[in-house]
$ cat upload_37.txt   # compact mmCIF, C-alpha atoms
# COMPACT_ATOMS: atom_id res chain seq x y z
CA MET A 27 296.09 26.01 82.68
CA LYS A 28 294.83 24.95 79.25
CA HIS A 29 297.01 24.43 76.21
CA ASN A 30 296.35 23.76 72.58
CA ARG A 31 298.41 21.10 70.82
CA LYS A 32 301.11 23.52 69.67
CA THR A 33 301.80 25.09 73.06
CA LEU A 34 301.66 21.69 74.76
CA ALA A 35 304.15 20.33 72.21
CA LYS A 36 306.48 23.27 72.89
CA LEU A 37 306.38 22.69 76.66
CA ILE A 38 307.08 18.96 76.28
CA ALA A 39 309.83 19.52 73.70
CA ASP A 40 311.56 22.06 75.94
CA ARG A 41 311.41 19.74 78.93
CA LEU A 42 312.61 16.64 77.05
CA LYS A 43 315.05 18.53 74.82
CA ILE A 44 313.67 17.06 71.58
CA LYS A 45 312.26 18.59 68.41
CA GLU A 46 308.92 20.32 68.74
CA GLU A 47 307.77 18.83 65.41
CA THR A 48 308.30 15.31 66.75
CA VAL A 49 306.20 16.02 69.83
CA GLU A 50 303.46 17.63 67.71
CA ARG A 51 303.31 14.49 65.56
CA VAL A 52 303.08 12.26 68.63
CA ILE A 53 300.28 14.35 70.14
CA LYS A 54 298.40 14.36 66.82
CA GLU A 55 298.66 10.56 66.48
CA PHE A 56 297.65 10.07 70.11
CA VAL A 57 294.51 12.19 69.73
CA GLU A 58 293.56 10.47 66.46
CA THR A 59 294.03 7.02 68.01
CA VAL A 60 291.90 7.92 71.03
CA ARG A 61 289.12 9.30 68.83
CA GLU A 62 289.11 6.21 66.58
CA GLU A 63 288.91 3.79 69.50
CA VAL A 64 286.20 5.77 71.28
CA ARG A 65 284.11 6.00 68.11
CA LYS A 66 284.29 2.20 67.89
CA GLY A 67 282.78 2.06 71.37
CA GLY A 68 285.96 1.51 73.33
CA VAL A 69 287.06 3.29 76.47
CA ILE A 70 290.57 4.71 76.71
CA GLU A 71 292.00 5.34 80.17
CA ILE A 72 295.40 6.57 81.19
CA ARG A 73 295.47 5.92 84.90
CA GLY A 74 295.96 9.08 86.91
CA LEU A 75 295.45 11.32 83.88
CA ALA A 76 292.13 10.98 82.06
CA SER A 77 289.64 8.65 80.41
CA TRP A 78 287.75 9.03 77.16
CA ARG A 79 284.42 7.38 76.29
CA LYS A 80 281.44 7.87 74.04
CA LYS A 81 278.26 9.06 75.75
CA LYS A 82 275.07 10.06 73.93
CA GLY A 83 276.95 10.29 70.65
CA LYS A 84 279.64 12.64 71.98
CA ILE A 85 283.16 11.93 73.18
CA LYS A 86 283.44 12.66 76.89
CA VAL A 87 286.68 13.20 78.77
CA LYS A 88 287.03 12.68 82.50
CA ASN A 89 290.15 14.31 83.93
CA PHE A 90 291.69 12.83 87.04
CA ILE A 91 294.23 15.58 87.65
CA ARG A 92 292.91 18.27 89.95
CA GLU A 93 294.58 21.48 90.99
CA GLY A 94 295.36 22.29 94.59
$ encode --input "upload_37.txt" --output "C-alpha cells"
Amino acid sequence: MKHNRKTLAKLIADRLKIKEETVERVIKEFVETVREEVRKGGVIEIRGLASWRKKKGKIKVKNFIREG
C-alpha cells in the first residue's frame, strides 16, 4: 500500500491521536533532512525500515519492509 504525505499523516495522526498538521510538518522536515544529507553524500538508514543513498546522481531508497 502506497501513501502520499497527506494520507500517511492522516493515518499516523489517527493512530497517535494528535493533530494531522503536526504529523504533516514532521514528515515534511524528515524528508527534507534526508534529502539534504544524501545530497551531501551521506547515507541515512533507519534499521528495519529503509535506507537512502545517492547513486549515479539520483537518490535511491532501499526498503527493508516486505509484505507477506
$ residues_around --input "upload_37.txt" --residues "stretch 44-46 of chain A" --least-positions-apart "4" --cutoff "10 Å" --atoms "only C-alpha atoms" --output "mmCIF file with C-alpha atoms, in the frame of the given file"
data_model
loop_
_atom_site.group_PDB
_atom_site.id
_atom_site.type_symbol
_atom_site.label_atom_id
_atom_site.label_comp_id
_atom_site.auth_asym_id
_atom_site.auth_seq_id
_atom_site.Cartn_x
_atom_site.Cartn_y
_atom_site.Cartn_z
ATOM 1 C CA LYS A 32 301.110 23.520 69.670
ATOM 2 C CA THR A 33 301.800 25.090 73.060
ATOM 3 C CA LEU A 34 301.660 21.690 74.760
ATOM 4 C CA ALA A 35 304.150 20.330 72.210
ATOM 5 C CA LYS A 36 306.480 23.270 72.890
ATOM 6 C CA LEU A 37 306.380 22.690 76.660
ATOM 7 C CA ILE A 38 307.080 18.960 76.280
ATOM 8 C CA ALA A 39 309.830 19.520 73.700
ATOM 9 C CA ASP A 40 311.560 22.060 75.940
ATOM 10 C CA GLU A 50 303.460 17.630 67.710
ATOM 11 C CA ARG A 51 303.310 14.490 65.560
ATOM 12 C CA VAL A 52 303.080 12.260 68.630
#
$ atom_distance --input "upload_37.txt" --atom1 "atom CA of A:Leu75" --atom2 "atom CA of A:Glu47"
23.4 Å
$ residues_around --input "upload_37.txt" --residues "stretch 60-73 of chain A" --least-positions-apart "6" --cutoff "12 Å" --atoms "all atoms listed in the file" --output "list in words"
Ile53, Lys54, Arg79, Lys80, Lys81, Lys82, Gly83, Lys84, Ile85, Lys86, Val87, Lys88, Asn89, Phe90 and Ile91 of chain A
